[in-house]
$ cat entry.csv   # CSV, C-alpha atoms
chain,number,residue,atom,x,y,z
B,1,MET,CA,95.8,-2.8,-225.1
B,2,PHE,CA,95.4,0.7,-223.6
B,3,THR,CA,92.7,1.5,-226.1
B,4,PHE,CA,91.0,-1.8,-225.4
B,5,ILE,CA,90.9,-1.0,-221.7
B,6,LEU,CA,89.6,2.6,-222.3
B,7,LYS,CA,86.7,1.2,-224.4
B,8,ARG,CA,85.8,-1.3,-221.7
B,9,ILE,CA,85.8,1.4,-219.0
B,10,ALA,CA,83.7,3.8,-221.1
B,11,ALA,CA,81.2,1.0,-221.8
B,12,GLY,CA,81.1,0.3,-218.0
B,13,ILE,CA,80.4,4.0,-217.2
B,14,VAL,CA,77.5,4.0,-219.8
B,15,LEU,CA,76.2,0.8,-218.2
B,16,LEU,CA,76.2,2.4,-214.8
B,17,PHE,CA,74.2,5.4,-215.9
B,18,ALA,CA,71.7,3.3,-217.8
B,19,VAL,CA,71.2,0.8,-214.9
B,20,THR,CA,70.7,3.6,-212.3
B,21,PHE,CA,68.3,5.5,-214.5
B,22,VAL,CA,66.1,2.4,-215.2
B,23,ALA,CA,66.2,1.3,-211.6
B,24,TYR,CA,65.2,4.8,-210.3
B,25,PHE,CA,62.5,5.0,-212.9
B,26,LEU,CA,61.0,1.6,-211.9
B,27,LEU,CA,61.2,2.5,-208.2
B,28,HIS,CA,59.4,5.8,-209.0
B,29,LEU,CA,56.6,3.9,-210.8
B,30,GLY,CA,56.2,1.1,-208.3
B,31,SER,CA,57.0,2.7,-205.0
B,32,GLY,CA,53.4,3.6,-204.2
B,33,ASP,CA,52.8,5.7,-201.0
B,34,VAL,CA,56.3,5.5,-199.5
B,35,ALA,CA,55.6,8.0,-196.8
B,36,ARG,CA,52.5,6.0,-195.6
B,37,THR,CA,54.6,2.8,-195.6
B,38,ILE,CA,57.3,4.5,-193.5
B,39,LEU,CA,54.9,6.2,-191.0
B,40,GLY,CA,52.3,3.4,-190.8
B,41,VAL,CA,48.6,3.2,-191.2
B,42,ASN,CA,47.9,5.3,-188.1
B,43,ALA,CA,49.7,8.4,-189.5
B,44,THR,CA,47.6,11.4,-190.4
B,45,GLN,CA,47.3,12.7,-193.9
B,46,GLN,CA,49.2,15.8,-192.9
B,47,ASP,CA,52.1,13.8,-191.5
B,48,VAL,CA,52.2,11.8,-194.8
B,49,ALA,CA,52.2,15.0,-196.8
B,50,ASP,CA,55.0,16.6,-194.7
B,51,LEU,CA,57.2,13.5,-195.0
B,52,ASN,CA,56.6,13.4,-198.8
B,53,GLU,CA,57.7,17.0,-199.0
B,54,SER,CA,60.8,16.5,-196.7
B,55,LEU,CA,61.9,13.5,-198.7
B,56,GLY,CA,61.3,15.3,-202.0
B,57,LEU,CA,58.8,12.7,-203.3
B,58,ASN,CA,56.4,15.4,-204.4
B,59,ARG,CA,58.8,16.6,-207.1
B,60,PRO,CA,59.0,15.3,-210.7
B,61,PHE,CA,60.9,12.1,-211.4
B,62,LEU,CA,63.7,13.8,-213.4
B,63,ALA,CA,64.3,16.3,-210.6
B,64,GLN,CA,64.6,13.6,-208.0
B,65,TYR,CA,66.9,11.4,-210.2
B,66,THR,CA,69.1,14.4,-211.2
B,67,GLU,CA,69.6,15.4,-207.5
B,68,TRP,CA,70.4,11.8,-206.6
B,69,LEU,CA,72.8,11.4,-209.6
B,70,ILE,CA,74.7,14.6,-208.7
B,71,ASN,CA,75.2,13.4,-205.2
B,72,ALA,CA,76.1,9.8,-206.3
B,73,VAL,CA,78.8,11.1,-208.7
B,74,GLN,CA,80.3,12.9,-205.6
B,75,PHE,CA,80.3,9.5,-203.8
B,76,ASN,CA,77.3,10.5,-201.6
B,77,LEU,CA,74.5,7.9,-201.8
B,78,GLY,CA,72.4,9.9,-199.3
B,79,ASP,CA,70.7,9.0,-196.1
B,80,SER,CA,68.5,5.9,-195.7
B,81,TRP,CA,64.9,6.5,-194.9
B,82,THR,CA,64.6,3.5,-192.6
B,83,PHE,CA,68.1,2.6,-191.4
B,84,PRO,CA,69.9,4.7,-188.8
B,85,GLU,CA,73.1,4.9,-190.8
B,86,SER,CA,73.8,6.6,-194.1
B,87,VAL,CA,73.5,4.4,-197.2
B,88,THR,CA,77.2,4.4,-197.7
B,89,ASP,CA,77.9,3.3,-194.2
B,90,SER,CA,75.1,0.7,-194.3
B,91,VAL,CA,76.5,-0.8,-197.5
B,92,ASN,CA,80.1,-0.7,-196.5
B,93,SER,CA,79.5,-2.5,-193.2
B,94,ARG,CA,77.9,-5.4,-195.1
B,95,LEU,CA,79.6,-5.5,-198.4
B,96,HIS,CA,82.8,-7.2,-197.3
B,97,VAL,CA,80.8,-10.1,-195.9
B,98,THR,CA,78.9,-10.8,-199.1
B,99,LEU,CA,82.0,-10.3,-201.3
B,100,THR,CA,84.0,-12.7,-199.1
B,101,ILE,CA,81.4,-15.4,-199.6
B,102,VAL,CA,81.0,-14.8,-203.3
B,103,ILE,CA,84.7,-14.5,-204.1
B,104,ILE,CA,85.5,-17.7,-202.1
B,105,THR,CA,82.6,-19.5,-203.9
B,106,THR,CA,83.8,-18.3,-207.3
B,107,LEU,CA,87.4,-19.5,-206.7
B,108,PHE,CA,86.2,-22.8,-205.3
B,109,ALA,CA,83.8,-23.3,-208.2
B,110,ALA,CA,86.4,-22.4,-210.8
B,111,ILE,CA,89.0,-24.9,-209.5
B,112,VAL,CA,86.6,-27.8,-209.1
B,113,ALA,CA,84.9,-27.1,-212.4
B,114,ALA,CA,88.2,-26.8,-214.3
B,115,VAL,CA,89.3,-30.2,-212.9
B,116,LEU,CA,86.0,-31.9,-213.7
B,117,GLY,CA,85.7,-30.3,-217.2
B,118,ILE,CA,89.2,-31.2,-218.2
B,119,ALA,CA,88.9,-34.7,-216.9
B,120,ALA,CA,85.6,-35.2,-218.7
B,121,ALA,CA,87.0,-34.0,-222.0
B,122,MET,CA,90.3,-35.9,-221.8
B,123,TRP,CA,89.1,-39.3,-220.4
B,124,GLY,CA,85.4,-39.5,-221.4
B,125,GLY,CA,83.5,-42.6,-220.3
B,126,TRP,CA,82.1,-42.6,-216.8
B,127,VAL,CA,84.0,-39.4,-215.9
B,128,ASP,CA,82.2,-37.6,-218.7
B,129,ARG,CA,78.8,-39.0,-217.6
B,130,PHE,CA,79.5,-38.0,-214.0
B,131,VAL,CA,80.3,-34.4,-215.0
B,132,GLN,CA,77.1,-34.3,-217.1
B,133,PHE,CA,75.1,-35.6,-214.1
B,134,ILE,CA,76.6,-33.0,-211.8
B,135,GLY,CA,75.6,-30.4,-214.4
B,136,LEU,CA,72.1,-31.6,-214.5
B,137,VAL,CA,71.8,-31.6,-210.7
B,138,GLY,CA,73.4,-28.2,-210.4
B,139,PHE,CA,70.9,-26.7,-212.9
B,140,ALA,CA,67.8,-28.5,-211.6
B,141,VAL,CA,68.2,-28.2,-207.8
B,142,PRO,CA,67.6,-24.7,-206.3
B,143,GLY,CA,70.3,-23.2,-204.1
B,144,PHE,CA,68.0,-22.8,-201.1
B,145,LEU,CA,67.2,-26.5,-201.1
B,146,VAL,CA,70.9,-27.3,-201.2
B,147,ALA,CA,71.3,-24.9,-198.2
B,148,PHE,CA,68.6,-26.6,-196.2
B,149,PHE,CA,70.1,-30.0,-196.9
B,150,LEU,CA,73.6,-28.8,-195.8
B,151,VAL,CA,72.3,-27.3,-192.6
B,152,LEU,CA,70.3,-30.4,-191.8
B,153,PHE,CA,73.1,-32.8,-192.2
B,154,PHE,CA,76.3,-30.8,-191.5
B,155,ALA,CA,75.1,-28.4,-188.8
B,156,ILE,CA,72.3,-30.1,-187.0
B,157,LYS,CA,72.7,-33.9,-187.4
B,158,TRP,CA,76.5,-33.7,-187.5
B,159,PRO,CA,77.5,-30.3,-186.0
B,160,LEU,CA,80.6,-29.9,-188.0
B,161,PHE,CA,79.9,-26.3,-189.2
B,162,ASN,CA,77.9,-23.3,-188.0
B,163,ALA,CA,74.2,-23.3,-189.0
B,164,VAL,CA,73.8,-19.5,-188.7
B,165,GLY,CA,75.8,-16.4,-188.2
B,166,TYR,CA,79.1,-15.0,-189.5
B,167,ILE,CA,82.4,-14.8,-187.6
B,168,GLU,CA,85.1,-12.4,-188.8
B,169,PHE,CA,88.4,-14.0,-189.8
B,170,GLY,CA,90.4,-11.7,-187.5
B,171,ASP,CA,88.3,-12.7,-184.5
B,172,ASP,CA,88.5,-16.5,-184.9
B,173,PRO,CA,90.0,-18.0,-188.1
B,174,MET,CA,88.6,-21.5,-187.4
B,175,GLY,CA,85.2,-20.0,-186.5
B,176,TRP,CA,85.3,-18.1,-189.8
B,177,VAL,CA,85.9,-21.3,-191.7
B,178,LYS,CA,83.0,-23.0,-190.0
B,179,SER,CA,80.7,-20.0,-190.7
B,180,VAL,CA,81.4,-19.7,-194.4
B,181,THR,CA,81.7,-23.4,-195.4
B,182,LEU,CA,78.1,-24.2,-195.8
B,183,PRO,CA,77.0,-20.9,-197.5
B,184,VAL,CA,79.9,-21.4,-200.0
B,185,ALA,CA,78.9,-25.0,-200.7
B,186,ALA,CA,75.3,-24.0,-201.2
B,187,LEU,CA,76.2,-21.3,-203.7
B,188,ALA,CA,78.9,-23.3,-205.5
B,189,LEU,CA,76.9,-26.1,-206.9
B,190,SER,CA,75.3,-24.2,-209.8
B,191,GLY,CA,78.5,-22.4,-210.6
B,192,ILE,CA,80.4,-25.7,-210.8
B,193,ALA,CA,77.7,-27.2,-213.0
B,194,ALA,CA,77.8,-24.3,-215.5
B,195,VAL,CA,81.6,-23.8,-215.7
B,196,ALA,CA,82.4,-27.5,-215.8
B,197,GLN,CA,80.1,-28.0,-218.8
B,198,GLN,CA,81.7,-25.0,-220.5
B,199,VAL,CA,85.2,-26.2,-219.9
B,200,ARG,CA,84.3,-29.7,-221.0
B,201,GLY,CA,82.8,-28.5,-224.3
B,202,SER,CA,85.6,-26.0,-225.0
B,203,VAL,CA,88.4,-28.5,-224.3
B,204,LYS,CA,86.7,-31.2,-226.5
B,205,ASP,CA,86.3,-28.7,-229.3
B,206,ALA,CA,89.9,-27.6,-229.0
B,207,LEU,CA,91.1,-31.2,-229.0
B,208,GLY,CA,89.5,-31.6,-232.4
B,209,MET,CA,91.4,-28.7,-234.0
B,210,ASP,CA,94.0,-29.2,-236.7
B,211,TYR,CA,96.8,-27.6,-234.7
B,212,VAL,CA,96.4,-30.3,-232.0
B,213,ARG,CA,97.0,-33.0,-234.5
B,214,THR,CA,100.0,-31.1,-235.9
B,215,LEU,CA,101.6,-30.6,-232.5
B,216,ARG,CA,101.0,-34.3,-231.7
B,217,ALA,CA,102.6,-35.2,-235.1
B,218,ARG,CA,105.7,-33.2,-234.1
B,219,GLY,CA,106.2,-35.4,-231.1
B,220,LEU,CA,104.7,-33.3,-228.3
B,221,SER,CA,103.1,-35.3,-225.5
B,222,PHE,CA,99.3,-35.3,-225.1
B,223,ASN,CA,99.5,-33.7,-221.7
B,224,ARG,CA,101.8,-30.9,-222.9
B,225,VAL,CA,99.5,-30.1,-225.8
B,226,VAL,CA,96.5,-30.0,-223.5
B,227,PHE,CA,97.9,-27.9,-220.7
B,228,LYS,CA,100.0,-25.6,-222.8
B,229,HIS,CA,97.9,-25.0,-225.9
B,230,VAL,CA,94.4,-26.4,-225.6
B,231,LEU,CA,93.6,-24.8,-222.2
B,232,ARG,CA,94.8,-21.5,-223.5
B,233,ASN,CA,92.3,-21.6,-226.3
B,234,ALA,CA,89.5,-23.0,-224.2
B,235,GLY,CA,90.0,-20.6,-221.3
B,236,GLY,CA,88.2,-17.6,-222.9
B,237,PRO,CA,84.7,-19.1,-223.0
B,238,ALA,CA,85.1,-20.6,-219.5
B,239,LEU,CA,86.2,-17.2,-218.1
B,240,SER,CA,83.1,-15.6,-219.6
B,241,ILE,CA,80.8,-18.2,-218.0
B,242,LEU,CA,82.6,-17.7,-214.7
B,243,GLY,CA,82.0,-14.0,-214.9
B,244,VAL,CA,78.3,-14.5,-215.4
B,245,GLN,CA,78.3,-17.0,-212.5
B,246,PHE,CA,80.0,-14.4,-210.2
B,247,VAL,CA,77.2,-12.0,-211.0
B,248,GLY,CA,74.6,-14.7,-210.4
B,249,MET,CA,76.1,-15.6,-207.1
B,250,MET,CA,75.7,-12.0,-206.0
B,251,GLY,CA,72.0,-12.5,-206.5
B,252,GLY,CA,72.0,-16.0,-204.9
B,253,ALA,CA,73.8,-14.6,-201.9
B,254,VAL,CA,70.6,-12.7,-201.0
B,255,ILE,CA,68.7,-15.9,-200.4
B,256,VAL,CA,71.6,-17.8,-198.9
B,257,GLU,CA,72.4,-15.0,-196.4
B,258,GLN,CA,68.8,-15.0,-195.3
B,259,ILE,CA,68.9,-18.8,-194.7
B,260,PHE,CA,72.2,-18.7,-192.8
B,261,ALA,CA,71.4,-15.4,-191.0
B,262,ILE,CA,74.6,-13.8,-192.4
B,263,PRO,CA,74.8,-10.0,-192.0
B,264,GLY,CA,75.6,-9.3,-195.6
B,265,LEU,CA,73.8,-7.3,-198.3
B,266,GLY,CA,71.1,-10.0,-198.5
B,267,PRO,CA,69.1,-9.1,-195.4
B,268,PHE,CA,69.8,-5.4,-196.0
B,269,ALA,CA,68.3,-5.7,-199.6
B,270,VAL,CA,65.3,-7.6,-198.3
B,271,GLN,CA,64.5,-5.0,-195.6
B,272,ALA,CA,65.2,-2.0,-197.9
B,273,THR,CA,62.9,-3.4,-200.5
B,274,HIS,CA,60.2,-4.2,-198.0
B,275,GLN,CA,60.3,-0.7,-196.7
B,276,THR,CA,60.6,0.9,-200.2
B,277,ASP,CA,63.7,2.7,-199.0
B,278,ILE,CA,64.7,4.2,-202.4
B,279,PRO,CA,68.1,5.6,-201.3
B,280,ALA,CA,69.1,2.2,-199.8
B,281,ILE,CA,67.9,0.3,-202.8
B,282,MET,CA,69.7,2.7,-205.2
B,283,GLY,CA,72.9,2.3,-203.1
B,284,LEU,CA,72.6,-1.5,-203.6
B,285,VAL,CA,72.0,-1.0,-207.3
B,286,VAL,CA,75.1,1.2,-207.7
B,287,VAL,CA,77.4,-1.1,-205.7
B,288,THR,CA,76.1,-4.2,-207.6
B,289,ALA,CA,76.4,-2.6,-211.0
B,290,LEU,CA,79.9,-1.3,-210.1
B,291,ILE,CA,80.9,-4.9,-209.1
B,292,VAL,CA,79.5,-6.2,-212.4
B,293,VAL,CA,81.5,-3.6,-214.4
B,294,ILE,CA,84.8,-4.4,-212.5
B,295,VAL,CA,84.3,-8.2,-212.9
B,296,ASN,CA,83.5,-7.8,-216.6
B,297,LEU,CA,86.7,-5.7,-217.0
B,298,ILE,CA,88.8,-8.3,-215.2
B,299,ILE,CA,87.3,-11.1,-217.4
B,300,ASP,CA,87.9,-9.1,-220.6
B,301,LEU,CA,91.6,-8.4,-219.6
B,302,LEU,CA,92.1,-12.1,-218.8
B,303,SER,CA,90.5,-13.1,-222.0
B,304,ALA,CA,92.6,-10.6,-224.0
B,305,ALA,CA,95.7,-12.0,-222.3
B,306,LEU,CA,94.7,-15.6,-223.4
B,307,ASN,CA,93.6,-14.6,-226.8
B,308,PRO,CA,95.0,-11.4,-228.4
B,309,LYS,CA,92.2,-11.4,-231.0
B,310,VAL,CA,89.8,-10.3,-228.2
B,311,ARG,CA,91.5,-6.9,-228.1
B,312,LEU,CA,90.2,-6.2,-231.6
B,313,ALA,CA,86.6,-6.5,-230.6

$ encode --input "entry.csv" --output "structure tokens"
Amino acid sequence: MFTFILKRIAAGIVLLFAVTFVAYFLLHLGSGDVARTILGVNATQQDVADLNESLGLNRPFLAQYTEWLINAVQFNLGDSWTFPESVTDSVNSRLHVTLTIVIITTLFAAIVAAVLGIAAAMWGGWVDRFVQFIGLVGFAVPGFLVAFFLVLFFAIKWPLFNAVGYIEFGDDPMGWVKSVTLPVAALALSGIAAVAQQVRGSVKDALGMDYVRTLRARGLSFNRVVFKHVLRNAGGPALSILGVQFVGMMGGAVIVEQIFAIPGLGPFAVQATHQTDIPAIMGLVVVTALIVVIVNLIIDLLSAALNPKVRLA
């Protein structure tokens, strides 16, 4: 198990370096005249040249990336070119908001999807058709349309929840619930659709295995076979899909936070990209990639706990 964990950590570190290199290279190619963007069209050519020199943009790509990487390894993501705070402070002040919404959404989607998927596989009939319909709707309807619908009906027509803004849990627990309910619901639909379909398929496949018939022949009840043995074998693929959904929700949160005016990483990412703020964008890339690595490691550990064969991969 220890070797398995070390392999996964090493793969995560390689992924981090690869992602940051590709991201910095793409930003370097597509950034255009960053100094002109920052200073505006009325800036003189000399002002633009001076800013390019002070920011180090007139140096070769490898020199810029190497300097950034050395600082990043030392947990220094540099200073933002457009925000008053350092990149680290800017990201830290917003990260907990986005993670709160995404984690709650993932847990909610996992619970609802597991219940729906297991029910569809065990009972079939109209339950199965309903779950497949939910899956179709979840894949077909964009999250921003769901968000607009929720705001229209549950914040404007029936003011049960907050339409915009975010309230810290420590300041007002009930206000916090009202501020996160609609964003979580808007993000959760696609996750529920994907995970429920995976759980349904995995459980149905497991129910057709020979060992299920053997256990039933030995006198074990159907429910015991399902909840003690079938779900253990079906849990691995569902966990993998859930991990993918978590990463996807991080991207979906960018749009949802814009719609609900939530001060998370979403508005920060949009503004940093609009201003071509390379240090801020790279800070977001590092944090997002690190979250992906951690989530994948957790999923791998849970999968290995459910199925020891995974440790041999």

$ atom_distance --input "entry.csv" --atom1 "CA of Tyr65 in chain B" --atom2 "CA of Ala43 in chain B"
27.1 Å

$ closest_residue --input "entry.csv" --among "B:Leu15, B:Val177, B:Val151, B:Ile9" --to "Ile259 in chain B" --atoms "only C-alpha atoms"
B:Val151

$ atom_distance --input "entry.csv" --atom1 "CA of Ser221 in chain B" --atom2 "CA of Leu107 in chain B"
29.1 Å

$ atom_distance --input "entry.csv" --atom1 "CA of Asn223 in chain B" --atom2 "CA of Ala304 in chain B"
24.2 Å

$ closest_residue --input "entry.csv" --among "B:Asp205, B:Gly235, B:Trp176, B:Gly283" --to "Leu69 in chain B" --atoms "only C-alpha atoms"
B:Gly283

$ closest_residue --input "entry.csv" --among "B:Phe222, B:Phe268, B:Phe246, B:Trp158" --to "Asn296 in chain B" --atoms "all atoms listed in the file"
B:Phe246

$ closest_residue --input "entry.csv" --among "B:Gly165, B:Val295, B:Gln74, B:Ala114" --to "Phe227 in chain B" --atoms "only C-alpha atoms"
B:Ala114

$ residues_near_point --input "entry.csv" --point "(67.3, 1.1, -209.7)" --cutoff "12 Å" --atoms "all atoms listed in the file" --output "VMD selection string"
chain B and resid 16 to 31 65 68 to 69 273 276 to 289

$ closest_residue --input "entry.csv" --among "B:Ile167, B:Val146, B:Met209, B:Leu265" --to "Leu99 in chain B" --atoms "only C-alpha atoms"
B:Leu265

$ closest_residue --input "entry.csv" --among "B:Leu160, B:Val115, B:Val270, B:Val244" --to "Val293 in chain B" --atoms "all atoms listed in the file"
B:Val244

$ residues_around --input "entry.csv" --residues "Ala261 in chain B" --least-positions-apart "6" --cutoff "12 Å" --atoms "only C-alpha atoms" --output "PyMOL selection string"
chain B and resi 97-98+147+162-167+179-180+183+253-255+267-268

$ residues_around --input "entry.csv" --residues "Ala188 in chain B" --least-positions-apart "5" --cutoff "10 Å" --atoms "all atoms listed in the file" --output "list in words"
Val102, Ile104, Thr105, Thr106, Leu107, Phe108, Ala109, Ala110, Val112, Ala113, Gly138, Gly143, Val146, Leu182, Pro183, Ala193, Gln245 and Met249 of chain B
